[in-house]
Every structure is written in structure tokens, then in C-alpha cells.
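Q: To be precise about what I am sending: the file is called data24.cif and holds mmCIF, C-alpha atoms.
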data_entry
#
loop_
_atom_site.label_atom_id
_atom_site.label_comp_id
_atom_site.auth_asym_id
_atom_site.auth_seq_id
_atom_site.Cartn_x
_atom_site.Cartn_y
_atom_site.Cartn_z
CA MET A 1 0.00 0.00 0.00
CA LEU A 2 1.37 3.41 -0.96
CA LEU A 3 0.82 6.03 1.74
CA SER A 4 1.62 9.71 2.06
CA VAL A 5 2.26 11.20 5.50
CA TYR A 6 2.15 14.86 6.47
CA HIS A 7 3.05 15.93 10.04
CA LEU A 8 3.09 19.59 11.09
CA THR A 9 4.16 20.80 14.54
CA GLU A 10 4.09 24.50 15.39
CA TYR A 11 5.00 26.28 18.61
CA PHE A 12 3.98 29.92 19.15
CA TYR A 13 5.69 31.92 21.91
CA PRO A 14 4.38 35.16 23.49
CA ASP A 15 7.97 36.31 24.05
CA ALA A 16 11.07 35.69 21.98
CA ALA A 17 12.69 32.31 22.59
CA ARG A 18 16.35 31.56 21.88
CA ASP A 19 18.84 28.71 22.12
CA SER A 20 16.19 26.18 21.16
CA PHE A 21 17.63 22.64 21.09
CA ASN A 22 15.35 20.00 19.55
CA GLU A 23 15.30 16.33 18.56
CA LEU A 24 12.79 14.80 16.12
CA TRP A 25 11.61 11.20 15.80
CA LEU A 26 9.80 11.73 12.47
CA TYR A 27 11.77 9.58 10.03
CA PRO A 28 9.75 6.51 8.93
CA VAL A 29 11.49 3.17 9.30
CA ASP A 30 12.87 1.62 6.11
CA ASP A 31 12.83 -2.17 6.53
CA HIS A 32 11.25 -5.43 5.31
CA ARG A 33 7.69 -4.28 6.16
CA GLN A 34 7.83 -0.76 4.76
CA GLY A 35 9.97 1.03 2.22
CA LEU A 36 10.66 4.75 2.54
CA LEU A 37 10.36 6.34 -0.92
CA GLU A 38 10.53 10.02 -0.01
CA PHE A 39 11.26 12.09 3.09
CA ARG A 40 11.28 15.88 3.38
CA LEU A 41 11.83 17.96 6.47
CA ASN A 42 11.26 21.73 6.59
CA ILE A 43 12.09 23.78 9.68
CA ALA A 44 11.45 27.46 10.37
CA PRO A 45 13.42 29.42 11.44
CA ASP A 46 15.72 28.00 8.78
CA VAL A 47 18.38 25.74 10.29
CA MET A 48 20.45 22.79 9.10
CA PRO A 49 19.39 19.64 11.02
CA ARG A 50 21.77 16.78 11.70
CA SER A 51 20.79 13.12 11.68
CA ARG A 52 22.03 10.17 13.69
CA GLN A 53 20.87 6.80 14.95
CA ASP A 54 19.90 6.54 18.59
CA TYR A 55 20.48 3.59 20.93
CA PHE A 56 17.45 1.74 19.51
CA HIS A 57 18.56 2.37 15.89
CA ASN A 58 15.89 4.99 15.23
CA ARG A 59 16.85 7.81 12.85
CA ILE A 60 16.76 11.13 14.75
CA TYR A 61 17.13 14.67 13.46
CA SER A 62 18.44 17.37 15.81
CA PHE A 63 18.81 21.11 15.38
CA HIS A 64 19.66 24.28 17.32
CA VAL A 65 17.98 27.66 16.76
CA THR A 66 20.37 30.22 18.21
CA HIS A 67 18.66 33.53 17.41
CA PRO A 68 15.45 34.92 18.96
CA HIS A 69 12.18 33.62 17.48
CA THR A 70 8.47 33.66 18.36
CA ARG A 71 7.48 30.63 16.26
CA LEU A 72 8.98 27.21 15.64
CA ARG A 73 7.56 25.23 12.71
CA VAL A 74 8.52 21.64 11.87
CA GLU A 75 6.95 20.12 8.76
CA MET A 76 7.52 16.54 7.62
CA ARG A 77 6.33 14.91 4.39
CA ALA A 78 6.95 11.30 3.44
CA ARG A 79 5.83 8.60 1.01
CA VAL A 80 5.98 5.03 2.27
CA LEU A 81 5.24 1.70 0.60
CA THR A 82 3.97 -0.86 3.12
CA PHE A 83 3.62 -4.64 2.80
CA ALA A 84 1.52 -7.28 4.50
CA THR A 85 3.40 -9.50 6.95
CA PRO A 86 2.62 -13.18 7.56
CA GLU A 87 1.12 -14.34 10.84
CA PRO A 88 3.77 -15.38 13.38
CA LEU A 89 4.72 -19.01 13.83
CA PRO A 90 2.60 -20.85 16.44
CA VAL A 91 5.42 -21.15 18.99
CA PRO A 92 4.56 -21.81 22.65
CA VAL A 93 5.00 -19.13 25.31
CA GLN A 94 7.74 -21.20 26.97
CA ALA A 95 9.97 -20.61 23.92
CA LEU A 96 10.77 -17.23 25.49
CA SER A 97 12.22 -18.72 28.68
CA SER A 98 15.84 -18.74 27.49
CA LEU A 99 15.74 -15.22 25.98
CA GLU A 100 15.23 -13.10 29.11
CA SER A 101 18.79 -11.78 29.30
CA ARG A 102 18.77 -10.86 25.60
CA PHE A 103 15.67 -8.68 25.93
CA PHE A 104 16.17 -7.31 29.44
CA GLU A 105 15.51 -3.71 28.34
CA PHE A 106 12.07 -4.64 27.02
CA LEU A 107 11.18 -6.60 30.14
CA ALA A 108 12.31 -4.09 32.77
CA PRO A 109 10.12 -1.38 34.36
CA THR A 110 10.34 2.27 33.32
CA SER A 111 8.96 5.44 34.86
CA ARG A 112 5.97 5.28 32.51
CA VAL A 113 5.55 1.50 32.72
CA PRO A 114 6.11 0.54 36.39
CA LEU A 115 5.84 -3.13 37.28
CA HIS A 116 5.18 -2.98 41.04
CA TYR A 117 1.41 -3.12 40.44
CA ASN A 118 -0.43 -6.38 39.81
CA TRP A 119 -1.51 -5.40 36.29
CA LEU A 120 -3.12 -8.75 35.53
CA GLU A 121 -5.44 -8.45 38.52
CA LEU A 122 -6.19 -4.76 37.88
CA LEU A 123 -7.08 -5.48 34.26
CA GLY A 124 -8.81 -8.83 34.76
CA LEU A 125 -6.33 -10.78 32.66
CA ARG A 126 -4.96 -14.28 33.13
CA PRO A 127 -1.29 -15.27 32.90
CA PRO A 128 -0.33 -17.33 29.84
CA ASN A 129 -0.03 -21.10 29.88
CA PRO A 130 3.57 -22.06 28.97
CA GLN A 131 2.28 -24.54 26.39
CA GLU A 132 -0.16 -22.26 24.56
CA SER A 133 0.55 -20.30 21.39
CA LEU A 134 2.29 -17.02 22.16
CA HIS A 135 0.58 -15.26 19.24
CA SER A 136 -2.84 -16.46 20.40
CA TYR A 137 -2.20 -15.10 23.88
CA LEU A 138 -1.06 -11.77 22.45
CA LEU A 139 -4.26 -11.53 20.41
CA GLU A 140 -6.27 -12.26 23.56
CA VAL A 141 -4.53 -9.47 25.48
CA THR A 142 -4.99 -7.07 22.55
CA GLU A 143 -8.72 -7.74 22.38
CA HIS A 144 -9.19 -7.60 26.16
CA LEU A 145 -7.51 -4.20 26.45
CA HIS A 146 -9.51 -2.90 23.50
CA ARG A 147 -12.76 -3.89 25.25
CA SER A 148 -11.62 -2.65 28.68
CA PHE A 149 -11.09 1.01 27.79
CA ARG A 150 -12.84 3.89 26.07
CA TYR A 151 -10.89 6.09 23.68
CA ASP A 152 -11.19 9.66 24.98
CA ALA A 153 -8.62 12.32 24.12
CA ALA A 154 -9.82 14.48 27.03
CA ALA A 155 -9.44 11.76 29.68
CA THR A 156 -5.64 11.76 29.97
CA GLU A 157 -2.66 14.01 29.29
CA LEU A 158 0.88 13.26 28.15
CA ASN A 159 2.13 12.64 31.70
CA THR A 160 -0.93 10.92 33.16
CA PRO A 161 0.34 7.94 35.22
CA LEU A 162 -0.53 4.52 33.83
CA ILE A 163 -2.34 3.51 37.02
CA GLN A 164 -4.67 6.53 36.62
CA PHE A 165 -5.52 5.45 33.07
CA VAL A 166 -6.19 1.88 34.20
CA GLU A 167 -8.45 3.03 37.03
CA GLY A 168 -10.24 5.62 34.89
CA ARG A 169 -10.72 3.21 31.96
CA ALA A 170 -10.37 5.95 29.32
CA GLY A 171 -7.49 7.50 27.41
CA VAL A 172 -5.60 7.55 24.12
CA CYS A 173 -3.40 5.21 22.08
CA GLN A 174 -0.29 6.01 24.13
CA ASP A 175 -2.13 4.81 27.25
CA TYR A 176 -3.45 1.63 25.58
CA ALA A 177 0.04 0.77 24.34
CA GLN A 178 1.74 1.33 27.70
CA ALA A 179 -0.95 -0.72 29.48
CA MET A 180 -0.17 -3.60 27.12
CA LEU A 181 3.56 -3.18 27.76
CA ALA A 182 2.90 -3.46 31.50
CA VAL A 183 0.87 -6.65 31.07
CA LEU A 184 3.34 -8.36 28.74
CA ARG A 185 6.45 -7.45 30.71
CA SER A 186 4.73 -8.65 33.89
CA VAL A 187 4.47 -12.16 32.43
CA GLY A 188 7.93 -12.24 30.82
CA ILE A 189 7.03 -11.35 27.22
CA PRO A 190 9.49 -8.82 25.72
CA ALA A 191 7.54 -5.84 24.41
CA ARG A 192 8.45 -2.42 23.07
CA TYR A 193 6.59 0.84 22.46
CA VAL A 194 6.12 1.90 18.82
CA SER A 195 5.28 5.35 17.48
CA GLY A 196 3.98 5.95 13.98
CA TYR A 197 0.92 6.71 11.92
CA LEU A 198 -2.32 5.00 10.91
CA ALA A 199 -4.24 5.63 7.68
CA THR A 200 -7.72 4.83 9.03
CA GLY A 201 -9.04 3.85 12.44
CA VAL A 202 -9.04 5.19 15.98
CA GLY A 203 -5.95 7.34 16.47
CA SER A 204 -5.43 8.17 12.79
CA GLN A 205 -6.02 11.88 13.45
CA GLY A 206 -2.55 12.28 14.96
CA SER A 207 0.57 10.30 15.78
CA HIS A 208 -0.38 6.74 16.72
CA ALA A 209 1.15 4.24 19.14
CA TRP A 210 1.11 0.47 19.43
CA VAL A 211 3.19 -2.43 20.73
CA GLU A 212 5.65 -4.91 19.26
CA ALA A 213 6.18 -8.21 21.06
CA PHE A 214 8.99 -10.63 20.31
CA VAL A 215 7.82 -13.95 18.88
CA PRO A 216 10.66 -16.51 18.55
CA GLY A 217 11.05 -17.61 14.95
CA SER A 218 9.17 -14.59 13.62
CA GLY A 219 10.80 -11.59 15.30
CA TRP A 220 9.08 -8.41 16.49
CA TYR A 221 5.37 -8.43 15.63
CA GLY A 222 2.96 -5.53 16.06
CA TYR A 223 -0.30 -5.42 18.04
CA ASP A 224 -2.62 -2.42 18.39
CA PRO A 225 -4.93 -2.64 21.43
CA THR A 226 -6.55 0.71 20.57
CA ASN A 227 -8.05 -0.81 17.41
CA ASN A 228 -7.95 -4.52 18.38
CA SER A 229 -5.72 -5.25 15.42
CA THR A 230 -2.39 -6.62 14.38
CA ILE A 231 -0.25 -4.27 12.31
CA THR A 232 -1.43 -4.11 8.71
CA GLU A 233 -0.39 -2.20 5.60
CA GLN A 234 -2.21 0.88 6.93
CA TYR A 235 0.39 1.41 9.66
CA VAL A 236 3.58 3.44 9.19
CA LYS A 237 6.23 2.93 11.84
CA LYS A 238 8.60 5.75 12.83
CA ALA A 239 10.46 4.48 15.88
CA HIS A 240 10.41 2.20 18.90
CA GLY A 241 11.72 2.20 22.46
CA ARG A 242 10.94 1.15 26.03
CA ASP A 243 8.06 3.64 26.31
CA TYR A 244 6.92 7.02 24.96
CA ASP A 245 9.98 8.84 26.33
CA ASP A 246 12.32 6.94 23.99
CA CYS A 247 10.58 8.07 20.79
CA PRO A 248 8.36 11.17 21.10
CA PRO A 249 7.65 13.06 17.86
CA LEU A 250 9.61 16.05 19.12
CA LYS A 251 11.32 17.10 22.31
CA GLY A 252 13.53 20.03 23.17
CA LEU A 253 14.73 22.78 25.47
CA ARG A 254 14.82 26.54 25.03
CA ARG A 255 15.54 29.77 26.82
CA GLY A 256 12.69 32.21 27.35
CA GLY A 257 9.58 32.38 25.20
CA GLY A 258 6.98 32.12 27.95
CA LYS A 259 4.12 29.62 27.85
CA GLU A 260 3.84 28.33 24.30
CA GLN A 261 0.80 27.44 22.22
CA LEU A 262 1.02 24.18 20.28
CA ASN A 263 -0.58 23.31 16.94
CA VAL A 264 -0.28 19.79 15.48
CA LEU A 265 -1.71 18.49 12.21
CA VAL A 266 -1.28 14.92 10.91
CA GLN A 267 -2.64 13.61 7.61
CA VAL A 268 -2.16 10.09 6.24
CA LYS A 269 -3.54 9.32 2.78
CA VAL A 270 -3.73 6.11 0.77
CA LEU A 271 -2.28 6.81 -2.68
CA SER A 272 -2.86 3.35 -4.15
CA GLY A 273 -4.26 -0.06 -3.24
CA SER A 274 -2.41 -3.09 -1.98
CA PHE A 275 0.17 -4.79 -4.19
#
Could you spell out this file's structure in C-alpha cells?
A:
Amino acid sequence: MLLSVYHLTEYFYPDAARDSFNELWLYPVDDHRQGLLEFRLNIAPDVMPRSRQDYFHNRIYSFHVTHPHTRLRVEMRARVLTFATPEPLPVPVQALSSLESRFFEFLAPTSRVPLHYNWLELLGLRPPNPQESLHSYLLEVTEHLHRSFRYDAAATELNTPLIQFVEGRAGVCQDYAQAMLAVLRSVGIPARYVSGYLATGVGSQGSHAWVEAFVPGSGWYGYDPTNNSTITEQYVKKAHGRDYDDCPPLKGLRRGGGKEQLNVLVQVKVLSGSF
């Protein structure tokens, strides 16, 4: 499927800001599931961004605006060709038992995904049977979380604790994804946070988030509890990490400027059908 992606982020400052340091996680992944055909990045004030790979092999762009400015505009355009991926092999959950040290980072707690709560009990989920299909269990968790929560952009904010989302039973795709991370890591299934875009479905109006779990013999496979779906050709992946903090669309620091106003616009369009 051929998709176009447009992502605009604008900050407006009441006072002049300066020394603005920023990092962007906006570069779509180019791998076996999706091919990046075009990528354009426009920044105002005009600066020359630098790119590098981070610890998780995501492509990051960074830039520094030295002179005073009252607006920061970051505009990304991309064309991506996505492909369907086969269903994972029906390996049992116990196949993960010897891989814990290899995937420690995606099993450990983080500030956004703490593991000192009994997430299975709080969410009414069962632990997996060592003999059952790992993929089947992951589909069960995906569906259960989808049914357990209501999508409501006004219910949570960026820094709402996960426990508050679980108790309130409403939030956005970031919350759904981090709840699934908490469940999977609690039962020893390596799982990582993914940021990207979705052509149609709940969460397609902005940046989207889902989860990748490691399935031995098949690799990292994507699950979206917000839409009760595995990852299809309508998904465009940008980056992954332990949680949201490892791959936000944009983060930065600045001097001055006062309290900013933020404007974000995301558009994903299907340019052709499936191949």
C-alpha cells in the first residue's frame, strides 16, 4: 500500500525564545515491512538539522535555533510503501524462557511502565499457559484491552500515570500501548513501544502508538490494542523504544519564550491499493 504522511508541529511563543535545542523522531522506518520512498523535512526558522541513529537504531534529526524567534515550525512529508506480513509461527510461550537476558531492556520497568502493580489483577487478565501459542495469547490481550477502555482524548494528558488510566478506563493510544507493555512485561514477554501513523481507524487523526512483542522464529510483531488489530499495511512505523519517552515526535529545550501554544496536524492518505 502506498501512503503519504504529512506531520506539522508548530510552537507559538508570546515572548522571543532563543537557544532552542530540539530532537525529532519523524523519520519513517525503512525495513522489510515498509519502504521509505521520499522524506522531506522543513524547519522554520531556517536551520540545518543533523541526523544520527539513537540507541534503539531509530533515525533522529536534531537542530539548534540560536537567534530569537516567536514561532517554531517543523513540517515533515513522506511517502511510504507498506507490505503485508505473515502471521507469526505458532510457537509456545515457553519458547521465550531462554531469551530473558537478551531482551532485558524490554522486560524491565520504566517510569511510565512501572511493574510494582499487579496489572493482571487490575485489568482482569490471566497469565499465559507455557504450552499455549504465544501469538494467540497476544491476540487475547490485545482484544481484552480494547474492550476494557474507552478512547477519549480528554481523559488523559501526556504525563498521566498509567495507574490513573487503568483506574479511569479511558485514554488515548499512548495509554493503551503502555498498558499492554505493563501486562506483557509482567508475564515475561518482551515488548516495546512503537510510534507511527495510521491511515484509518481510531488514532489516525494524529501520531499513533502500538506495541511490538517478540515472537521466537518470527521476530518483532505488532499489536494495536486501541483498534484490536495486528499491524497491517495501513500502519507506518517511525520508531520504537521502552516507552513514549524513547521516541516522542519532538522534544527540546529553550531559553525564554513564555508559555507556548502548540498546533499539530497529521494527515495520512492512501495513494494506491495493496500490491
Q: Which residues match the PyMOL selection byres ((chain A and resi 31) around 12) in the file above, as number ranges by chain?
A: A: 28-30, 32-37, 57-58, 80-83, 85, 236-239
Q: May I have the residues within 8 Å of range 183-188 of chain A as a list in words, using only C-alpha atoms and disregarding those fewer than 3 positions away in the same chain?
A: Leu96, Glu100, Phe106, Leu107, Ala108, Pro109, Leu115, Trp119, Leu120, Pro127, Pro128, Ala179, Met180 and Ala191 of chain A
Q: To one decimal in Å, tell me the separation between CA of Asp245 in chain A and CA of Gly124 in chain A.
A: 27.1 Å
Q: Just the number, please: distance in Å from CA of Glu140 in chain A to CA of Thr232 in chain A, one decimal.
A: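 Here the two named atoms are 17.6 Å from each other.
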Q: So how far away is CA of Tyr235 in chain A from CA of Lys269 in chain A, in Å?
A: 11.2 Å
Q: Could you tell me which residues the PyMOL selection byres ((chain A and resi 259) around 8) grabs in this file, written as number ranges by chain?
A: A: 13-14, 257-258, 260-261
Q: Report as a list in words the residues that result from applying the PyMOL selection byres ((chain A and resi 158) around 12) to the structure here.
A: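 That selection, the PyMOL selection byres ((chain A and resi 158) around 12), comes back as Arg112, Ala153, Ala154, Ala155, Thr156, Glu157, Asn159, Thr160, Pro161, Leu162, Phe165, Gly171, Val172, Cys173, Gln174, Asp175, Gln178, Tyr244, Asp245 and Pro248 of chain A.
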Q: Excluding Gly241 in chain A and residues on its chain fewer than 6 positions from it, collect all residues at most 7 Å away from it, counting all atoms listed in the file, and give them as a ChimeraX atom specification.
A: /A:56,192-194,247
Q: Name all residues at most 9 Å from Val65 in chain A (count all atoms listed in the file; drop same-chain ones fewer than 4 positions away) and give them as a list in words.
A: Arg18, Asp19, Ser20, Phe21, Asn22, Pro45, Asp46, Val47, His69 and Arg254 of chain A
Q: Out of A:Ser136, A:Thr142, A:Gln205, A:Gln94, which residue has the shortest atom-to-atom distance to Thr226 in chain A when counting all atoms listed in the file?
A: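 For Thr226 in chain A, the nearest of the candidates is A:Thr142.
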Q: With only C-alpha atoms as the atoms that count, which of A:Ala177, A:Leu134, A:Ala209, A:Val5 lies nearest to Arg40 in chain A?
A: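 Smallest distance to Arg40 in chain A is found for A:Val5.
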Q: Out of A:Arg73, A:His64, A:Arg50, A:His240, which residue has the shortest atom-to-atom distance to Asn263 in chain A when counting all atoms listed in the file?
A: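 With all atoms listed in the file as the atom set, the closest residue is A:Arg73.
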Q: Counting only C-alpha atoms, which residue out of A:Arg71, A:Ala16, A:Pro130, A:Ser62 sits closest to Leu262 in chain A?
A: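 For Leu262 in chain A, the nearest of the given residues is A:Arg71.
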Q: Identify, on the basis of all atoms listed in the file, every residue whose closest approach to Pro88 in chain A does not exceed 8 Å; exclude the query and any residue fewer than 5 positions from it along the same chain; express the result as a list of chain:residue names.
A: A:His135, A:Val215, A:Gly217, A:Ser218, A:Tyr221
